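Worksheet: one structure, shown below.
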2 protein chains.
Amino acid sequence: MVNSRDVAIEAGVSQATVSRVLSGSQTVSEQTRARVLAAMAHTGYQPNYAARAMRTNRTRTIGVVVANILNPFYPALIAAASRELNRLDYRMILWESEFGGEQSATEAIAQRQVDGVLFTSATAESAPLAAAVGSGAPTALINRIVPNLPCDQVDSNNNATSFDIATYFAAAGHERVGLITADRRASTARLREDGFRAGVKASRLSMPATLVKNGDFTHEGGQRAFKALMATKGSAPTAVFCVNDLSALGAIDAAKSVGLRVPEDLWVVGYDDIDMASWESNSLTTARQPIESMVTLALETLLERIGDPALPFRHYQFATSMQVRQSTACEPFIHTTSSSPQPSILREWTA
Amino acid sequence: MVNSRDVAIEAGVSQATVSRVLSGSQTVSEQTRARVLAAMAHTGYQPNYAARAMRTNRTRTIGVVVANILNPFYPALIAAASRELNRLDYRMILWESEFGGEQSATEAIAQRQVDGVLFTSATAESAPLAAAVGSGAPTALINRIVPNLPCDQVDSNNNATSFDIATYFAAAGHERVGLITADRRASTARLREDGFRAGVKASRLSMPATLVKNGDFTHEGGQRAFKALMATKGSAPTAVFCVNDLSALGAIDAAKSVGLRVPEDLWVVGYDDIDMASWESNSLTTARQPIESMVTLALETLLERIGDPALPFRHYQFATSMQVRQSTACEPFIHTTSSSPQPSILREWTA
């Protein structure tokens with residue numbers, strides 16, 4: 001393998017000069033720099049990655065932390081991040097926090113293996129998140145946010161969208177509705193649940209506590225939650241909002257298995273618009289998160305922060321767009337807040 | 001931040017001694033080593049990653065190359081790899097070769113950013129695969145293989161399983177069958193297609209060329225392929241084998257949209273057993289690849305090779321197990337080859 005000594009000989013300069021060119025030092029004349037670069041090209045020299053990372057204190061690698069890659073929402077997010085980082089000539093390290101990746105992520109952040117970290121499913125309790133923010137590593141949250149945490153955050157208007165879903169149920173004549181939610185430590189579950197509850201109240205819908213169950217964001221959990229919800233005393237709901245698509249598809253499976261027809265007997269609405277929500281066999285009405293735009297903005301913000309750590313922190317919020325499909329009878333869906341694809345800056349602050 | 005100089009002062013040794021301990025040198029006495037390690041623990045020293053990578057020429061990072069993370073088979077594989085690498089105290093870098101990750105992967109391999117590479121969806125034409133094998137980087141293929149390539153390879157018995165699926169159709173009285181395949185550069189498509197064709201011939205089933213279509217391994221492709229297959233002249237098939245689950249689910253959607261009942265009018269069989277194949281709404285009969293065992297063995301083999309590059313190359317093959325569900329009427333499925341969960345070594349060779 002060609003090393004920097006070979007380059008130095010080829011260029012007729014010292015090895016120290018080659019190092020200065022590699023580190024972008026300003027003390028090398030343009031003429032010498034050109035000679036060294038030509039020698040690198042000619043010898044096929046590849047700067048050693050670890051050596052470059054030591055010199056520049058940059059790895060050009062972004063860590064991405066994901067909670068559960070088995071939920072198809074996250075592969076779509078990762079695919080978008082991978083495409084965008086590649087375009088920007090950055091590498092991606094992926095950690096799965098469900099399967100013990102938390103420790104790896106925490107160490108890698110402390111050891112500066114990455115220039116910045118993107119958290120896709122953060123909660124306030126996350127150890128790698130605390131490590132990242134505590135060590136001052138450039139950090140951005142996407143999808144799930146943690147209020148007041150000193151880092152950049154990007155989400156969708158979970159609360160307003162979920163409020164509108166309750167209004168949509170009421171406008172179509174539903175009176176008794178159900179909710180399949182998830183762990184409230186996830187801002188997505190918390191904000192969607194709170195928004196839907198506020199909409200239920202504003203529209204004077206009936207939703208007793210027995211019609212609110214935890215579906216764990218999973219297909220299996222959605223199935224289990226729907227069964228539990230139907231097993232409670234009192235009349236059944238005629239419309240159910242599930243805080244993500246995967247649990248909504250589980251709820252539909254459970255409903256069909258007890259002979260309910262969707263949407264004739266039961267309306268079901270999800271959140272995310274994962275690929276399979278639009279498959280004919282599922283045809284799920286759902287709130288679409290503009291995931292590609294969200295990823296692009298989150299990474300852009302993260303790279304800006306790597307360049308300038310003193311920038312104020314920003315919380316960007318994107319509007320969703322409702323995809324009305326066969327799991328609800330087609331009624332007009334009215335967004336009460338903007339559904340413009342442009343994000344708004346909700347808040348800007350410094351630590 | 002604590003550096004190695006602080007550790008040296010705390011331990012009462014030279015900085016060179018601290019470096020020797022970090023690099024695992026044998027020239028340090030056990031007593032001195034213990035003193036340095038205690039000083040590291042006491043000062044909270046974290047060895048710098050880039051510095052360690054330069055010293056040891058090891059990054060403890062494995063690159064994973066995936067073609068299409070939007071096919072749920074790959075997230076399941078990545079989750080298994082993530083869990084296993086974490087257990088072994090390795091990090092994972094993920095490249096998406098669909099979205100331009102090929103260039104990143106090729107560079108990262110050349111620049112020794114990773115100790116080894118696991119390819120999940122290799123084809124003989126892959127540039128990063130050529131870079132990895134050409135540069136002598138430890139390399140393993142999982143799921144898709146490339147015959148005669150000097151690297152370790154792990155797959156399932158694609159050919160035998162697909163042969164058995166044709167036999168299963170024949171035993172149930174089907175006479176005219178169809179095949180939804182994919183790009184033959186992928187060994188999975190090629191071996192499954194060839195195995196199924198051999199089974200069709202052996203069982204004297206009818207499968208004219210018009211009943212073989214390309215479904216691109218995707219839901220949309222499966223849908224399109226099924227529609228094309230039904231649009232051909234002559235009578236329709238009563239059973240279709242799709243070379244993966246995602247295209248099988250697409251074929252089922254297309255069949256239902258033209259009023260066909262599954263399994264009454266049409267049997268459909270897939271390959272992989274992705275999570276959603278077992279959902280009640282899908283209930284797809286499919287060949288289960290033991291993905292966790294395959295990943296564990298592939299990574300074990302890759303780490304062995306990192307330790308000893310001179311080991312002979314091995315091709316391991318796992319048997320599948322058939323999951324008979326509602327997309328076929330329940331008939332006994334007979335595996336003609338072993339369905340033992342233990343892999344067999346198909347071949348062992350040196351370059």
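Chain identifiers are assigned as A, B, and so on, following the order in which chains appear in the structure tokens; residues are numbered from 1 within each chain, and ligands are numbered from 1 in order of appearance.
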Just list as a PyMOL selection string whatever in region 47-261 of chain B DSSP marks as helix (DSSP H, G or I).
chain B and resi 49-56+73-87+97-99+101-110+127-134+158-171+187-202+209-211+219-230+245-257
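Within 8 Å of region 291-297 of chain B there are B:Ala76, B:Leu77, B:Ala80, B:Ala81, B:Glu84, B:Ile142, B:Val154, B:Asp155, B:Phe318, counting only C-alpha atoms and ignoring same-chain residues fewer than 5 positions away.
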Could you check which of A:Leu211, A:Ala67, A:Ala160, A:Ala34 is closest to chain B, using only C-alpha atoms?
A:Ala67
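With only C-alpha atoms taken into account, the protein and nucleic acid residues at most 8 Å from region 121-129 of chain B (excluding it and anything under 2 positions from it in its own chain) are Val65, Val66, Ala67, Glu102, Gln103, Ala105, Thr106, Ile109, Phe119, Ala131, Ala132, Val133, Leu141, Ile142, Asn143, Arg144, Ile145, Val146, Arg185, Ala186 and Ser187 of chain B.
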Region 18-244 of chain B: residues DSSP assigns to strand (DSSP E), reported as a PyMOL selection string
chain B and resi 61-66+91-96+116-119+139-142+152-156+177-181+212-214+239-242
Among the residues B:Gln326, B:Thr336, B:Ser247, B:Thr320, the one that comes closest to Glu280 (chain B) [using only C-alpha atoms]:
B:Gln326
Arg192 (chain A) environment, 8 Å, only C-alpha atoms, sequence neighbours closer than 6 positions dropped, as a VMD selection string
chain A and resid 158 to 159 161 to 163 243
Which residue gives the smallest distance to Asp115 (chain B) among B:Leu346, B:Ala239, B:Leu149, B:Leu303, with only C-alpha atoms counted?
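Nearest candidate to Asp115 (chain B) out of B:Leu346, B:Ala239, B:Leu149, B:Leu303: B:Leu303.
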Which residue out of A:Leu88, A:Val269, A:Ala277, A:Val114 has the minimum interatomic distance to Phe169 (chain A) when only C-alpha atoms are used?
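Checking each candidate against Phe169 (chain A), we get A:Val269 as the closest.
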In Å, how far is it from CA of Thr285 (chain A) to CA of Tyr168 (chain A)?
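Atom-to-atom, CA of Thr285 (chain A) and CA of Tyr168 (chain A) are spaced 11.6 Å apart.
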Excluding same-chain residues fewer than 6 positions from Val258 (chain B), what lies within 12 Å of it counting only C-alpha atoms, as a PyMOL selection string?
(chain A and resi 280) or (chain B and resi 223+226-227+230-231+251-252+265-266)
Could you state the separation of CA of Asn148 (chain B) and CA of Met92 (chain B) in Å, given to one decimal place?
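Those two atoms sit 26.6 Å apart.
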